[in-house]
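Participant: Sharing upload39.tsv here; it has TSV, C-alpha atoms.
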chain	number	residue	atom	x	y	z
A	1	MET	CA	98.18	50.93	135.65
A	2	ASP	CA	100.22	53.84	134.33
A	3	ASP	CA	99.86	55.32	130.84
A	4	TYR	CA	96.65	53.41	130.04
A	5	GLY	CA	96.07	53.27	126.30
A	6	THR	CA	99.72	52.97	125.26
A	7	GLY	CA	102.44	50.33	125.14
A	8	TYR	CA	101.82	47.42	127.51
A	9	SER	CA	98.93	49.21	129.24
A	10	THR	CA	96.27	47.50	127.16
A	11	LEU	CA	92.85	45.95	127.71
A	12	GLU	CA	94.54	42.55	127.70
A	13	THR	CA	96.83	43.56	130.57
A	14	LEU	CA	93.95	45.19	132.41
A	15	SER	CA	91.91	41.98	132.21
A	16	GLN	CA	94.69	39.85	133.72
A	17	TRP	CA	95.79	41.85	136.77
A	18	PRO	CA	93.88	43.19	139.81
A	19	PHE	CA	94.45	46.89	139.14
A	20	THR	CA	92.70	49.31	141.48
A	21	THR	CA	93.34	52.43	139.37
A	22	ILE	CA	94.21	53.27	135.79
A	23	LYS	CA	95.94	56.46	134.71
A	24	LEU	CA	94.63	57.69	131.38
A	25	ASP	CA	97.67	58.48	129.25
A	26	ARG	CA	98.44	62.11	128.48
A	27	SER	CA	98.27	61.37	124.74
A	28	ILE	CA	94.57	60.48	125.09
A	29	VAL	CA	93.88	63.50	127.29
A	30	GLY	CA	95.84	65.78	124.96
A	31	ARG	CA	93.82	64.72	121.91
A	32	MET	CA	90.37	64.53	123.49
A	33	LEU	CA	89.44	68.04	122.34
A	34	ASP	CA	90.70	67.56	118.78
A	35	ASN	CA	87.64	65.74	117.43
A	36	PRO	CA	84.56	63.76	118.60
A	37	LYS	CA	86.30	60.42	118.02
A	38	ASN	CA	89.11	61.19	120.47
A	39	GLN	CA	86.65	62.59	122.98
A	40	THR	CA	84.62	59.37	122.78
A	41	ILE	CA	87.74	57.29	123.42
A	42	ALA	CA	88.48	59.27	126.58
A	43	GLU	CA	84.86	59.17	127.78
A	44	SER	CA	84.57	55.44	127.07
A	45	SER	CA	87.75	54.75	129.04
A	46	ILE	CA	86.35	56.66	132.02
A	47	ARG	CA	83.05	54.78	131.79
A	48	MET	CA	84.85	51.44	131.54
A	49	ALA	CA	86.84	52.15	134.71
A	50	HIS	CA	83.59	53.07	136.47
A	51	GLU	CA	81.92	49.81	135.43
A	52	LEU	CA	84.97	47.83	136.54
A	53	ASP	CA	84.74	49.66	139.89
A	54	ILE	CA	88.32	50.92	139.69
A	55	GLY	CA	89.67	54.44	140.02
A	56	ILE	CA	90.81	56.59	137.11
A	57	VAL	CA	93.27	59.48	136.99
A	58	ALA	CA	93.73	61.65	133.89
A	59	GLU	CA	97.38	62.48	133.19
A	60	GLY	CA	98.74	65.52	131.43
A	61	VAL	CA	95.90	67.97	132.02
A	62	GLU	CA	97.25	71.26	130.70
A	63	SER	CA	94.17	73.39	130.09
A	64	ASP	CA	91.04	74.45	131.88
A	65	LEU	CA	88.89	73.13	129.04
A	66	GLN	CA	90.42	69.65	129.35
A	67	TYR	CA	89.70	69.72	133.07
A	68	GLN	CA	86.08	70.78	132.56
A	69	MET	CA	85.49	68.11	129.90
A	70	LEU	CA	86.98	65.41	132.12
A	71	LEU	CA	84.84	66.52	135.04
A	72	GLU	CA	81.72	66.36	132.89
A	73	SER	CA	82.78	62.88	131.70
A	74	GLY	CA	82.95	61.50	135.24
A	75	CYS	CA	86.68	61.77	135.96
A	76	THR	CA	87.32	63.50	139.29
A	77	LYS	CA	91.09	62.98	139.67
A	78	VAL	CA	93.62	64.64	137.41
A	79	GLN	CA	97.28	65.55	137.30
A	80	GLY	CA	99.22	67.87	135.07
A	81	TYR	CA	100.71	71.32	134.59
A	82	TRP	CA	97.27	72.93	134.71
A	83	LEU	CA	97.26	72.17	138.45
A	84	SER	CA	100.93	72.93	138.99
A	85	ARG	CA	104.34	72.27	137.55
A	86	PRO	CA	106.79	70.28	139.71
A	87	LEU	CA	107.72	72.31	142.79
A	88	PRO	CA	110.63	72.41	145.24
A	89	LEU	CA	109.68	70.95	148.60
A	90	SER	CA	109.15	74.31	150.31
A	91	ASP	CA	106.85	75.54	147.51
A	92	PHE	CA	105.01	72.22	147.49
A	93	ILE	CA	104.32	72.48	151.23
A	94	TYR	CA	103.01	76.01	150.69
A	95	PHE	CA	100.87	74.77	147.78
A	96	ILE	CA	99.28	72.06	149.95
A	97	GLN	CA	98.71	74.48	152.83
A	98	GLN	CA	96.60	76.71	150.59
A	99	ASP	CA	93.96	73.92	150.51
A	100	LEU	CA	92.95	75.13	147.05
A	101	ARG	CA	89.57	74.29	145.52
A	102	TRP	CA	89.11	74.17	141.78
A	103	SER	CA	85.90	75.28	140.16
A	104	GLY	CA	83.33	72.75	139.09
A	105	LEU	CA	81.11	70.03	140.49
A	106	PRO	CA	81.44	66.29	139.70
A	107	ILE	CA	78.52	66.51	137.28
A	108	GLY	CA	79.84	63.57	135.28
A	109	LEU	CA	79.10	61.31	138.25
A	110	ILE	CA	75.41	62.24	138.02
A	111	HIS	CA	75.41	61.15	134.38
A	112	MET	CA	77.17	57.94	135.45
A	113	ALA	CA	74.39	57.38	138.00
A	114	ILE	CA	71.77	57.83	135.26
A	115	VAL	CA	73.44	55.22	133.04
A	116	ASP	CA	73.96	52.88	136.02
A	117	HIS	CA	70.27	53.03	136.91
A	118	ILE	CA	69.16	52.33	133.34
A	119	GLN	CA	71.53	49.37	133.04
A	120	TRP	CA	70.38	47.91	136.39
A	121	ARG	CA	66.72	48.15	135.40
A	122	LYS	CA	67.34	46.72	131.93
A	123	LYS	CA	69.26	43.73	133.28
A	124	LEU	CA	66.65	42.83	135.91
A	125	VAL	CA	63.69	43.20	133.53
A	126	SER	CA	65.49	41.13	130.91
A	127	ASP	CA	66.21	38.38	133.45
A	128	VAL	CA	62.72	38.10	134.91
A	129	VAL	CA	61.02	38.16	131.51
A	130	ARG	CA	63.41	35.52	130.19
A	131	ILE	CA	62.75	33.24	133.16
A	132	ALA	CA	58.98	33.80	133.04
A	133	THR	CA	58.89	32.82	129.36
A	134	ASN	CA	61.20	29.83	129.98
A	135	PRO	CA	59.81	28.16	133.15
A	136	GLY	CA	62.61	25.60	133.22
A	137	GLN	CA	65.02	28.41	134.20
A	138	SER	CA	63.20	29.37	137.41
A	139	GLY	CA	65.00	29.27	140.76
A	140	GLU	CA	67.94	31.38	139.54
A	141	ARG	CA	67.78	34.01	142.26
A	142	ASN	CA	71.07	32.92	143.85
A	143	HIS	CA	72.78	33.49	140.52
A	144	TYR	CA	71.81	37.14	140.16
A	145	GLN	CA	74.75	39.49	139.92
A	146	LEU	CA	72.60	42.57	140.55
A	147	PRO	CA	72.78	43.96	144.10
A	148	LEU	CA	69.20	44.09	145.39
A	149	ASP	CA	69.95	46.28	148.41
A	150	TYR	CA	69.20	49.90	147.49
A	151	ARG	CA	72.48	51.07	149.02
A	152	SER	CA	74.63	48.54	147.16
A	153	CYS	CA	73.79	49.24	143.52
A	154	ARG	CA	75.97	51.79	141.74
A	155	LEU	CA	73.30	54.48	142.00
A	156	GLY	CA	72.97	53.74	145.72
A	157	LYS	CA	76.73	53.90	146.26
A	158	TRP	CA	76.82	57.31	144.58
A	159	TYR	CA	73.73	58.57	146.41
A	160	TYR	CA	75.06	57.60	149.84
A	161	GLY	CA	78.65	58.46	148.94
A	162	ALA	CA	79.95	61.19	146.64
A	163	GLY	CA	76.44	62.42	145.95
A	164	ARG	CA	75.91	63.59	149.53
A	165	GLN	CA	77.29	66.98	148.59
A	166	PHE	CA	73.90	67.61	146.94
A	167	VAL	CA	71.92	66.99	150.14
A	168	GLY	CA	69.39	69.79	150.57
A	169	CYS	CA	68.77	70.08	146.84
A	170	GLN	CA	65.16	69.05	146.22
A	171	ASP	CA	65.93	67.08	143.07
A	172	PHE	CA	68.52	65.05	144.98
A	173	ASP	CA	66.50	64.52	148.14
A	174	GLU	CA	63.48	63.31	146.17
A	175	ILE	CA	65.45	60.35	144.75
A	176	GLU	CA	65.69	58.38	147.99
A	177	LEU	CA	62.10	57.21	148.53
A	178	PRO	CA	61.34	56.06	144.96
A	179	HIS	CA	64.78	54.43	144.82
A	180	LYS	CA	63.98	52.35	147.93
A	181	LYS	CA	60.58	51.38	146.52
A	182	PHE	CA	62.21	50.56	143.18
A	183	HIS	CA	64.54	48.03	144.81
A	184	ASN	CA	61.71	46.55	146.86
A	185	LEU	CA	59.81	45.98	143.63
A	186	GLY	CA	62.92	44.45	142.10
A	187	SER	CA	62.98	41.87	144.89
A	188	GLU	CA	59.24	41.31	144.42
A	189	LEU	CA	59.75	40.68	140.71
A	190	ILE	CA	62.43	38.09	141.41
A	191	ASP	CA	60.33	36.38	144.09
A	192	THR	CA	57.34	36.28	141.76
A	193	VAL	CA	59.19	34.78	138.83
A	194	ASN	CA	61.04	32.27	141.01
A	195	ASN	CA	57.69	31.13	142.41
A	196	GLY	CA	56.47	30.39	138.90
A	197	GLY	CA	54.85	33.73	138.15
A	198	THR	CA	53.61	34.30	134.62
A	199	ILE	CA	54.05	37.33	132.41
A	200	ALA	CA	50.46	38.31	133.23
A	201	GLU	CA	51.29	38.29	136.94
A	202	LEU	CA	54.51	40.20	136.40
A	203	THR	CA	52.98	42.93	134.20
A	204	PRO	CA	51.44	45.15	136.93
A	205	ILE	CA	54.65	44.96	138.98
A	206	LEU	CA	56.74	45.79	135.91
A	207	THR	CA	54.49	48.76	135.16
A	208	GLU	CA	54.97	50.20	138.65
A	209	PHE	CA	58.68	49.36	138.40
A	210	SER	CA	58.99	51.38	135.19
A	211	ASP	CA	56.98	54.28	136.63
A	212	LEU	CA	59.34	54.52	139.63
A	213	SER	CA	62.33	54.35	137.31
A	214	ALA	CA	60.93	57.32	135.35
A	215	VAL	CA	60.60	59.33	138.58
A	216	ILE	CA	64.20	58.55	139.57
A	217	LEU	CA	65.54	59.45	136.12
A	218	ASP	CA	63.56	62.69	136.06
A	219	CYS	CA	65.11	63.75	139.39
A	220	LEU	CA	68.61	62.81	138.23
A	221	GLN	CA	68.26	64.63	134.92
A	222	ARG	CA	66.97	67.79	136.58
A	223	LEU	CA	69.84	67.59	139.06
A	224	GLU	CA	72.31	67.15	136.21
A	225	HIS	CA	70.94	70.13	134.28
A	226	LYS	CA	70.95	72.36	137.34
A	227	GLY	CA	74.45	71.25	138.24
A	228	LEU	CA	75.74	71.96	134.74
A	229	MET	CA	74.34	75.47	134.81
A	230	ASP	CA	75.69	76.15	138.30
A	231	MET	CA	79.10	74.74	137.39
A	232	HIS	CA	79.51	76.90	134.29
A	233	LEU	CA	78.23	80.03	136.04
A	234	ALA	CA	80.69	79.46	138.89
A	235	HIS	CA	83.43	78.76	136.38
A	236	ARG	CA	82.81	82.10	134.65
A	237	SER	CA	83.30	84.00	137.89
A	238	TRP	CA	86.40	81.94	138.70
A	239	GLU	CA	88.23	82.35	135.37
A	240	GLY	CA	91.36	84.40	135.48
A	241	HIS	CA	92.12	83.87	139.16
A	242	HIS	CA	95.73	83.00	139.88
A	243	LEU	CA	95.75	80.01	142.17
A	244	PHE	CA	99.32	78.80	142.22
A	245	PRO	CA	102.55	79.98	143.79
A	246	SER	CA	105.34	80.61	141.36
A	247	ALA	CA	107.83	77.79	141.13
Please re-express this file's structure in structure tokens.
Facilitator:
Amino acid sequence: MDDYGTGYSTLETLSQWPFTTIKLDRSIVGRMLDNPKNQTIAESSIRMAHELDIGIVAEGVESDLQYQMLLESGCTKVQGYWLSRPLPLSDFIYFIQQDLRWSGLPIGLIHMAIVDHIQWRKKLVSDVVRIATNPGQSGERNHYQLPLDYRSCRLGKWYYGAGRQFVGCQDFDEIELPHKKFHNLGSELIDTVNNGGTIAELTPILTEFSDLSAVILDCLQRLEHKGLMDMHLAHRSWEGHHLFPSA
């Protein structure tokens, strides 16, 4: 969907068609640094695309600050004059051959992973407690929308996908084991409640479940903080470099 946020590119249109990617309109990108309200609109649009499991591209990026803010918001694909103005074919080929790398890490995706994990935990706990306190609703396991495999949840997809660039970082590596145990406990919670388990029987499992969640979140938050510091330090040393051929 082109020019999302303007004209016919509305939420109504988005809900009716199987779009795989939305392109955030340049008017939204251009205003995102003007005030907190506009920044929230841009960030919310990026988060919405993430939750719908569709791609997002920010149009009209014309400054380094816009690029950095988008990166920290979880958007990893941009287009605009900040990257390059339109080029003749020969210059474009040269541009591609340079295999340029822009400063910054996809730190926003770590924040997305944090929010994803919290939402997954909240939904599962809410479901099992509701069923345990309403025994007539037991046997709902086949209706769960939450992926129970540790690789299939959004955090797992990030960890075994885009997040692999952090392999070797202690805070990243230490996520895997508690994340596996966390999902195993999630399955145990569902089995327990579907077998008629009471709140008293669920409580010790829920306590361990919450403790593992805290470990995972602590690792993610430390990774996010370290990544932010590294990104901005690298950005300082990169500023002022001329990356592009003249058109």
Participant: For a test of reading the model, state the distance in Å between atom CA of A:Met112 and atom CA of A:Gly227, rounded to one decimal.
Facilitator: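 If I compute the distance from atom CA of A:Met112 to atom CA of A:Gly227, I get 13.9 Å.
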Participant: Using all atoms listed in the file, which of the listed residues (A:Asn184, A:Thr198, A:Thr21, A:Gln39) sits closest to A:Arg130?
Facilitator: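 Going through A:Asn184, A:Thr198, A:Thr21, A:Gln39 one by one, the smallest distance to A:Arg130 is for A:Thr198.
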Participant: Between A:Leu217, A:Leu89, A:Leu11, A:Leu83, single out the one closest to A:Ile114, counting all atoms listed in the file.
Facilitator: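 Once distances to A:Ile114 are computed over all atoms listed in the file, the minimum belongs to A:Leu217.
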Participant: One decimal, in Å: what's the spacing between atom CA of A:Pro18 and atom CA of A:Tyr67?
Facilitator: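 So the two atoms, atom CA of A:Pro18 and atom CA of A:Tyr67, lie 27.7 Å apart.
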Participant: In Å to one decimal, how far is atom CA of A:Leu228 from atom CA of A:Ile54?
Facilitator: 25.0 Å
Participant: Find the spatial neighbours of A:Val193, counting all atoms listed in the file, within a cut-off of 8 Å - ignore same-chain residues fewer than 4 positions away - and output them as a PyMOL selection string.
Facilitator: chain A and resi 128+131-132+138+189+197-198+202
Participant: Given the choices A:Pro204, A:Gly186, A:Gly5, A:Pro88, which gets closest to A:Cys153 if the distance is worked out from all atoms listed in the file?
Facilitator: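 Between A:Pro204, A:Gly186, A:Gly5, A:Pro88, the residue approaching A:Cys153 most closely is A:Gly186.
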Participant: At most 9 Å is the cut-off: for each residue in stretch 47-108 of chain A with any atom that close to an atom of stretch 32-35 of chain A, write down the nearest atom pair and the distance in Å rounded to one decimal, counting only C-alpha atoms, chain first then increasing number, as a Markdown table.
Facilitator:
| residue | atom | partner | partner_atom | distance |
| --- | --- | --- | --- | --- |
| A:Leu65 | CA | A:Leu33 | CA | 8.4 |
| A:Gln66 | CA | A:Leu33 | CA | 7.3 |
| A:Met69 | CA | A:Leu33 | CA | 8.5 |
Participant: Just checking: using only C-alpha atoms, which residue out of A:Ile205, A:Leu220, A:Ile118, A:Leu70 ends up closest to A:Cys169?
Facilitator: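 When distances to A:Cys169 are compared using only C-alpha atoms, the smallest one comes from A:Leu220.
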Participant: Smallest atom-to-atom distance to A:Lys226: which of A:Gly74, A:Phe166, A:Pro86, A:Thr40, using only C-alpha atoms?
Facilitator: A:Phe166
Participant: Looking at A:Glu43, A:Glu188, A:Asp171, A:Asp25, which one is nearest to A:Ala58, with distances taken over only C-alpha atoms?
Facilitator: A:Asp25
Participant: Residues at most 12 Å from A:His225, counting all atoms listed in the file, excluding those fewer than 3 positions away in the same chain, as a ChimeraX atom specification?
Facilitator: /A:72,105,107-108,110-111,171,218-222,228-232
Participant: Leaving out A:Leu71 and any residue of its chain fewer than 4 positions from it, which residues lie within 6 Å of it when counting all atoms listed in the file, given as a short mmCIF file (atom, residue, chain, number, x, y, z; two decimals) with C-alpha atoms, in the coordinates of the input?
Facilitator:
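Listing of result27.cif after writing:
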data_model
loop_
_atom_site.label_atom_id
_atom_site.label_comp_id
_atom_site.auth_asym_id
_atom_site.auth_seq_id
_atom_site.Cartn_x
_atom_site.Cartn_y
_atom_site.Cartn_z
CA CYS A 75 86.68 61.77 135.96
CA THR A 76 87.32 63.50 139.29
CA PRO A 106 81.44 66.29 139.70
CA GLY A 108 79.84 63.57 135.28
#
Participant: Identify, on the basis of all atoms listed in the file, every residue whose closest approach to A:Val57 does not exceed 7 Å; exclude the query and any residue fewer than 5 positions from it along the same chain; express the result as number ranges by chain.
Facilitator: A: 22-24, 77-78
Participant: So that I can see what lies close to A:Leu177, please list as a tab-separated table (two decimals) with C-alpha atoms, in the frame of the given file the residues with an atom at most 12 Å from it, counting all atoms listed in the file and leaving out residues fewer than 6 positions away in the same chain.
Facilitator:
chain	number	residue	atom	x	y	z
A	150	TYR	CA	69.20	49.90	147.49
A	156	GLY	CA	72.97	53.74	145.72
A	159	TYR	CA	73.73	58.57	146.41
A	171	ASP	CA	65.93	67.08	143.07
A	183	HIS	CA	64.54	48.03	144.81
A	184	ASN	CA	61.71	46.55	146.86
A	212	LEU	CA	59.34	54.52	139.63
A	213	SER	CA	62.33	54.35	137.31
A	215	VAL	CA	60.60	59.33	138.58
A	216	ILE	CA	64.20	58.55	139.57
A	219	CYS	CA	65.11	63.75	139.39
Participant: Give me stretch 22-54 of chain A with N, CA and C atoms filled in, as a PDB file, in the frame of the given file.
Facilitator:
ATOM      1  N   ILE A  22      93.496  53.081 137.044  1.00  0.00           N
ATOM      2  CA  ILE A  22      94.210  53.270 135.790  1.00  0.00           C
ATOM      3  C   ILE A  22      94.461  54.761 135.604  1.00  0.00           C
ATOM      4  N   LYS A  23      95.596  55.070 134.999  1.00  0.00           N
ATOM      5  CA  LYS A  23      95.940  56.460 134.710  1.00  0.00           C
ATOM      6  C   LYS A  23      95.854  56.643 133.199  1.00  0.00           C
ATOM      7  N   LEU A  24      94.871  57.436 132.802  1.00  0.00           N
ATOM      8  CA  LEU A  24      94.630  57.690 131.380  1.00  0.00           C
ATOM      9  C   LEU A  24      95.804  58.466 130.804  1.00  0.00           C
ATOM     10  N   ASP A  25      96.436  57.891 129.792  1.00  0.00           N
ATOM     11  CA  ASP A  25      97.670  58.480 129.250  1.00  0.00           C
ATOM     12  C   ASP A  25      97.466  59.888 128.736  1.00  0.00           C
ATOM     13  N   ARG A  26      98.492  60.706 128.894  1.00  0.00           N
ATOM     14  CA  ARG A  26      98.440  62.110 128.480  1.00  0.00           C
ATOM     15  C   ARG A  26      98.152  62.257 126.988  1.00  0.00           C
ATOM     16  N   SER A  27      98.532  61.265 126.181  1.00  0.00           N
ATOM     17  CA  SER A  27      98.270  61.370 124.740  1.00  0.00           C
ATOM     18  C   SER A  27      96.766  61.328 124.464  1.00  0.00           C
ATOM     19  N   ILE A  28      96.028  60.540 125.241  1.00  0.00           N
ATOM     20  CA  ILE A  28      94.570  60.480 125.090  1.00  0.00           C
ATOM     21  C   ILE A  28      93.935  61.774 125.573  1.00  0.00           C
ATOM     22  N   VAL A  29      94.407  62.252 126.729  1.00  0.00           N
ATOM     23  CA  VAL A  29      93.880  63.500 127.290  1.00  0.00           C
ATOM     24  C   VAL A  29      94.197  64.667 126.351  1.00  0.00           C
ATOM     25  N   GLY A  30      95.412  64.677 125.817  1.00  0.00           N
ATOM     26  CA  GLY A  30      95.840  65.780 124.960  1.00  0.00           C
ATOM     27  C   GLY A  30      95.055  65.870 123.663  1.00  0.00           C
ATOM     28  N   ARG A  31      94.541  64.722 123.184  1.00  0.00           N
ATOM     29  CA  ARG A  31      93.820  64.720 121.910  1.00  0.00           C
ATOM     30  C   ARG A  31      92.305  64.770 122.072  1.00  0.00           C
ATOM     31  N   MET A  32      91.807  64.713 123.298  1.00  0.00           N
ATOM     32  CA  MET A  32      90.370  64.530 123.490  1.00  0.00           C
ATOM     33  C   MET A  32      89.539  65.714 122.982  1.00  0.00           C
ATOM     34  N   LEU A  33      90.168  66.881 122.838  1.00  0.00           N
ATOM     35  CA  LEU A  33      89.440  68.040 122.340  1.00  0.00           C
ATOM     36  C   LEU A  33      89.613  68.248 120.839  1.00  0.00           C
ATOM     37  N   ASP A  34      90.413  67.381 120.202  1.00  0.00           N
ATOM     38  CA  ASP A  34      90.700  67.560 118.780  1.00  0.00           C
ATOM     39  C   ASP A  34      89.493  67.236 117.902  1.00  0.00           C
ATOM     40  N   ASN A  35      88.788  66.149 118.234  1.00  0.00           N
ATOM     41  CA  ASN A  35      87.640  65.740 117.430  1.00  0.00           C
ATOM     42  C   ASN A  35      86.741  64.825 118.263  1.00  0.00           C
ATOM     43  N   PRO A  36      85.496  64.597 117.826  1.00  0.00           N
ATOM     44  CA  PRO A  36      84.560  63.760 118.600  1.00  0.00           C
ATOM     45  C   PRO A  36      85.057  62.338 118.831  1.00  0.00           C
ATOM     46  N   LYS A  37      85.809  61.788 117.879  1.00  0.00           N
ATOM     47  CA  LYS A  37      86.300  60.420 118.020  1.00  0.00           C
ATOM     48  C   LYS A  37      87.231  60.306 119.228  1.00  0.00           C
ATOM     49  N   ASN A  38      88.179  61.225 119.350  1.00  0.00           N
ATOM     50  CA  ASN A  38      89.110  61.190 120.470  1.00  0.00           C
ATOM     51  C   ASN A  38      88.405  61.458 121.795  1.00  0.00           C
ATOM     52  N   GLN A  39      87.407  62.321 121.763  1.00  0.00           N
ATOM     53  CA  GLN A  39      86.650  62.590 122.980  1.00  0.00           C
ATOM     54  C   GLN A  39      85.894  61.333 123.422  1.00  0.00           C
ATOM     55  N   THR A  40      85.344  60.603 122.456  1.00  0.00           N
ATOM     56  CA  THR A  40      84.620  59.370 122.780  1.00  0.00           C
ATOM     57  C   THR A  40      85.540  58.325 123.376  1.00  0.00           C
ATOM     58  N   ILE A  41      86.773  58.241 122.871  1.00  0.00           N
ATOM     59  CA  ILE A  41      87.740  57.290 123.420  1.00  0.00           C
ATOM     60  C   ILE A  41      88.026  57.604 124.885  1.00  0.00           C
ATOM     61  N   ALA A  42      88.214  58.883 125.192  1.00  0.00           N
ATOM     62  CA  ALA A  42      88.480  59.270 126.580  1.00  0.00           C
ATOM     63  C   ALA A  42      87.265  58.988 127.455  1.00  0.00           C
ATOM     64  N   GLU A  43      86.080  59.380 126.987  1.00  0.00           N
ATOM     65  CA  GLU A  43      84.860  59.170 127.780  1.00  0.00           C
ATOM     66  C   GLU A  43      84.576  57.687 127.988  1.00  0.00           C
ATOM     67  N   SER A  44      84.810  56.875 126.953  1.00  0.00           N
ATOM     68  CA  SER A  44      84.570  55.440 127.070  1.00  0.00           C
ATOM     69  C   SER A  44      85.539  54.797 128.062  1.00  0.00           C
ATOM     70  N   SER A  45      86.771  55.274 128.094  1.00  0.00           N
ATOM     71  CA  SER A  45      87.750  54.750 129.040  1.00  0.00           C
ATOM     72  C   SER A  45      87.333  55.063 130.476  1.00  0.00           C
ATOM     73  N   ILE A  46      86.814  56.268 130.683  1.00  0.00           N
ATOM     74  CA  ILE A  46      86.350  56.660 132.020  1.00  0.00           C
ATOM     75  C   ILE A  46      85.150  55.811 132.423  1.00  0.00           C
ATOM     76  N   ARG A  47      84.226  55.603 131.502  1.00  0.00           N
ATOM     77  CA  ARG A  47      83.050  54.780 131.790  1.00  0.00           C
ATOM     78  C   ARG A  47      83.451  53.335 132.080  1.00  0.00           C
ATOM     79  N   MET A  48      84.392  52.803 131.318  1.00  0.00           N
ATOM     80  CA  MET A  48      84.850  51.440 131.540  1.00  0.00           C
ATOM     81  C   MET A  48      85.427  51.272 132.936  1.00  0.00           C
ATOM     82  N   ALA A  49      86.255  52.226 133.368  1.00  0.00           N
ATOM     83  CA  ALA A  49      86.840  52.150 134.710  1.00  0.00           C
ATOM     84  C   ALA A  49      85.725  52.168 135.760  1.00  0.00           C
ATOM     85  N   HIS A  50      84.707  52.996 135.534  1.00  0.00           N
ATOM     86  CA  HIS A  50      83.590  53.070 136.470  1.00  0.00           C
ATOM     87  C   HIS A  50      82.876  51.724 136.564  1.00  0.00           C
ATOM     88  N   GLU A  51      82.631  51.087 135.425  1.00  0.00           N
ATOM     89  CA  GLU A  51      81.920  49.810 135.430  1.00  0.00           C
ATOM     90  C   GLU A  51      82.772  48.695 136.022  1.00  0.00           C
ATOM     91  N   LEU A  52      84.081  48.810 135.923  1.00  0.00           N
ATOM     92  CA  LEU A  52      84.970  47.830 136.540  1.00  0.00           C
ATOM     93  C   LEU A  52      85.198  48.123 138.019  1.00  0.00           C
ATOM     94  N   ASP A  53      84.626  49.235 138.490  1.00  0.00           N
ATOM     95  CA  ASP A  53      84.740  49.660 139.890  1.00  0.00           C
ATOM     96  C   ASP A  53      86.194  49.892 140.278  1.00  0.00           C
ATOM     97  N   ILE A  54      86.941  50.536 139.389  1.00  0.00           N
ATOM     98  CA  ILE A  54      88.320  50.920 139.690  1.00  0.00           C
ATOM     99  C   ILE A  54      88.468  52.424 139.480  1.00  0.00           C
TER     100      ILE A  54
END
